[in-house]
file upload-v7.pdb (PDB, C-alpha atoms)
ATOM      1  CA  MET G 327       0.000   0.000   0.000
ATOM      2  CA  LYS G 328       1.300   3.452  -0.928
ATOM      3  CA  ASN G 329       1.535   6.218   1.648
ATOM      4  CA  ILE G 330      -0.666   9.233   1.015
ATOM      5  CA  VAL G 331       0.622  12.554   2.289
ATOM      6  CA  LEU G 332      -0.886  16.014   2.535
ATOM      7  CA  THR G 333       1.429  18.926   1.855
ATOM      8  CA  LEU G 334       1.070  22.642   2.301
ATOM      9  CA  PRO G 335       3.967  24.143   0.328
ATOM     10  CA  LEU G 336       5.417  27.538   1.141
ATOM     11  CA  LEU G 337       5.371  29.779  -1.926
ATOM     12  CA  LEU G 338       7.257  32.892  -2.790
ATOM     13  CA  VAL G 339       6.185  35.014  -5.759
ATOM     14  CA  ALA G 340       8.397  37.924  -6.734
ATOM     15  CA  SER G 341       8.687  39.801 -10.003
ATOM     16  CA  GLY G 342       6.639  37.133 -11.739
ATOM     17  CA  LEU G 343       9.064  34.379 -10.775
ATOM     18  CA  ILE G 344       7.971  31.616  -8.449
ATOM     19  CA  ALA G 345      10.141  29.652  -6.085
ATOM     20  CA  ALA G 346       8.843  26.860  -3.900
ATOM     21  CA  LEU G 347      10.329  25.340  -0.821
ATOM     22  CA  GLY G 348       9.807  21.591  -0.896
ATOM     23  CA  SER G 349       7.672  20.329  -3.791
ATOM     24  CA  THR G 350       7.622  22.000  -7.184
ATOM     25  CA  HIS G 351       4.645  24.337  -7.332
ATOM     26  CA  ASP G 352       3.248  27.044  -9.581
ATOM     27  CA  GLY G 353       2.377  29.535  -6.906
ATOM     28  CA  HIS G 354      -1.222  29.706  -5.835
ATOM     29  CA  GLY G 355       0.168  30.820  -2.476
ATOM     30  CA  ALA G 356       0.506  34.549  -2.960
ATOM     31  CA  SER G 357       0.589  36.772  -6.033
ATOM     32  CA  GLU G 358       1.500  40.407  -6.323
ATOM     33  CA  LEU G 359      -0.918  42.675  -8.194
ATOM     34  CA  GLY G 360      -1.120  41.849 -11.890
ATOM     35  CA  VAL G 361       1.321  38.936 -11.688
ATOM     36  CA  THR G 362       0.493  36.152 -14.130
ATOM     37  CA  LEU G 363       1.556  32.703 -13.019
ATOM     38  CA  PRO G 364       3.235  30.552 -15.679
ATOM     39  CA  TRP G 365       1.424  27.725 -17.466
ATOM     40  CA  HIS G 366       1.450  24.580 -15.342
ATOM     41  CA  TYR G 367      -0.528  21.534 -14.309
ATOM     42  CA  HIS G 368      -1.068  19.495 -11.147
ATOM     43  CA  PRO G 369      -0.577  15.709 -11.285
ATOM     44  CA  VAL G 370      -2.278  15.427  -7.871
ATOM     45  CA  ILE G 371      -5.594  16.687  -6.535
ATOM     46  CA  ASN G 372      -5.624  19.875  -4.478
ATOM     47  CA  ALA G 373      -8.088  22.184  -2.807
ATOM     48  CA  ALA G 374      -7.710  25.891  -2.140
ATOM     49  CA  VAL G 375      -9.354  28.790  -0.319
ATOM     50  CA  ILE G 376      -8.877  32.396  -1.438
ATOM     51  CA  LEU G 377      -7.996  34.323   1.719
ATOM     52  CA  GLN G 378      -7.578  37.700   0.015
ATOM     53  CA  GLY G 379      -7.967  39.200  -3.430
ATOM     54  CA  ASN G 380      -9.226  37.931  -6.786
ATOM     55  CA  LEU G 381      -7.609  35.204  -8.883
ATOM     56  CA  GLU G 382      -8.379  34.529 -12.529
ATOM     57  CA  LEU G 383      -7.733  30.943 -13.622
ATOM     58  CA  GLN G 384      -7.328  30.368 -17.384
ATOM     59  CA  LEU G 385      -7.271  27.113 -19.359
ATOM     60  CA  THR G 386      -5.434  26.683 -22.673
ATOM     61  CA  ASP G 387      -8.741  26.647 -24.594
ATOM     62  CA  GLY G 388      -9.390  30.227 -23.429
ATOM     63  CA  ARG G 389     -11.949  29.459 -20.722
ATOM     64  CA  LYS G 390     -11.527  31.655 -17.632
ATOM     65  CA  LYS G 391     -12.972  31.637 -14.125
ATOM     66  CA  ILE G 392     -12.542  34.286 -11.449
ATOM     67  CA  TYR G 393     -12.279  33.314  -7.786
ATOM     68  CA  GLN G 394     -12.832  35.907  -5.055
ATOM     69  CA  GLU G 395     -12.004  36.219  -1.388
ATOM     70  CA  SER G 396     -13.529  33.348   0.646
ATOM     71  CA  ASP G 397     -14.114  31.160  -2.439
ATOM     72  CA  ALA G 398     -13.119  27.513  -2.109
ATOM     73  CA  LEU G 399     -12.109  25.448  -5.117
ATOM     74  CA  ILE G 400     -10.870  22.048  -6.190
ATOM     75  CA  GLU G 401      -8.242  22.648  -8.852
ATOM     76  CA  VAL G 402      -8.061  20.855 -12.170
ATOM     77  CA  VAL G 403      -5.772  17.793 -12.276
ATOM     78  CA  ASN G 404      -3.534  17.096 -15.291
ATOM     79  CA  THR G 405      -5.000  20.136 -17.076
ATOM     80  CA  ILE G 406      -2.705  22.958 -18.188
ATOM     81  CA  HIS G 407      -3.712  26.337 -16.747
ATOM     82  CA  SER G 408      -2.360  29.660 -15.491
ATOM     83  CA  GLY G 409      -3.494  32.240 -12.977
ATOM     84  CA  LYS G 410      -3.483  36.004 -12.659
ATOM     85  CA  ALA G 411      -3.962  38.337  -9.701
ATOM     86  CA  LEU G 412      -6.796  40.805 -10.414
ATOM     87  CA  GLY G 413      -8.010  43.954  -8.726
ATOM     88  CA  SER G 414      -6.485  46.223  -6.123
ATOM     89  CA  GLN G 415      -5.249  43.558  -3.659
ATOM     90  CA  ALA G 416      -2.586  40.898  -3.836
ATOM     91  CA  VAL G 417      -3.933  37.338  -3.869
ATOM     92  CA  ASN G 418      -3.356  35.179  -0.803
ATOM     93  CA  VAL G 419      -4.423  31.530  -1.067
ATOM     94  CA  VAL G 420      -4.101  28.425   1.100
ATOM     95  CA  VAL G 421      -3.632  25.262  -0.986
ATOM     96  CA  VAL G 422      -3.691  21.689   0.318
ATOM     97  CA  TYR G 423      -2.399  18.827  -1.859
ATOM     98  CA  ALA G 424      -3.255  15.137  -1.575
ATOM     99  CA  GLY G 425      -0.457  13.246  -3.276
ATOM    100  CA  GLU G 426       2.095  10.534  -3.026
ATOM    101  CA  LYS G 427       5.585  10.960  -1.612
ATOM    102  CA  GLY G 428       8.022  11.765  -4.400
ATOM    103  CA  VAL G 429       5.323  12.956  -6.828
ATOM    104  CA  PRO G 430       5.519  16.707  -7.548
ATOM    105  CA  THR G 431       2.448  18.779  -6.787
ATOM    106  CA  THR G 432       2.904  21.048  -9.807
ATOM    107  CA  LEU G 433       4.832  20.963 -13.074
ATOM    108  CA  LEU G 434       5.579  23.986 -15.263
ATOM    109  CA  THR G 435       4.869  23.488 -18.965
ATOM    110  CA  LYS G 436       4.029  25.301 -22.193
ATOM    111  CA  PRO G 437       0.393  25.698 -23.290
TER     112      PRO G 437
END
call {"tool": "encode", "arguments": {"input": "upload-v7.pdb", "output": "structure tokens"}}
result
Amino acid sequence: MKNIVLTLPLLLVASGLIAALGSTHDGHGASELGVTLPWHYHPVINAAVILQGNLELQLTDGRKKIYQESDALIEVVNTIHSGKALGSQAVNVVVVYAGEKGVPTTLLTKP
């Protein structure tokens, strides 16, 4: 039987570049105003809550959805997407991943 672990990665977003401590991640942790997160996908399921601000999630087919403060969401798995901070506040999000040890939570890719 495989071990299932929950992770809560620490994200840093600065000047549009994202660095993660621990697992590879795209950055739904915090985004400065107007920052667009790079295209990426999640090979594991995750859930998030928007603590502050507005986040626009975009899929490669052009579909977009806007999440606002206090919204909860289950993110798409194995689907390429990006995100952008909207409005007058930075975006602050808590993300919880349910994955397997050694499997990255997020992989950067091209659309």
call {"tool": "atom_distance", "arguments": {"input": "upload-v7.pdb", "atom1": "atom CA of G:Leu433", "atom2": "atom CA of G:Gly413"}}
result
26.7 Å
call {"tool": "resolve_selection", "arguments": {"input": "upload-v7.pdb", "expression": "the PyMOL selection byres ((chain G and resi 364-377) around 6)", "output": "ChimeraX atom specification"}}
result
/G:363,378,395-401,403-408,418-425,431-436
call {"tool": "atom_distance", "arguments": {"input": "upload-v7.pdb", "atom1": "atom CA of G:Gly360", "atom2": "atom CA of G:Gly379"}}
result
11.2 Å
call {"tool": "closest_residue", "arguments": {"input": "upload-v7.pdb", "among": "G:Gly409, G:Val429, G:Gln415, G:Thr362", "to": "G:Leu383", "atoms": "all atoms listed in the file"}}
result
G:Gly409
call {"tool": "atom_distance", "arguments": {"input": "upload-v7.pdb", "atom1": "atom CA of G:Val361", "atom2": "atom CA of G:Asn380"}}
result
11.7 Å
call {"tool": "closest_residue", "arguments": {"input": "upload-v7.pdb", "among": "G:Pro437, G:Pro430, G:Gly388, G:Leu381", "to": "G:Ser414", "atoms": "only C-alpha atoms"}}
result
G:Leu381
call {"tool": "axis_aligned_box", "arguments": {"input": "upload-v7.pdb", "around": "stretch 389-395 of chain G", "padding_each_side": "3 Å", "output": "lines of an AutoDock Vina configuration file"}}
result
center_x = -12.2
center_y = 32.8
center_z = -11.1
size_x = 7.4
size_y = 12.8
size_z = 25.3
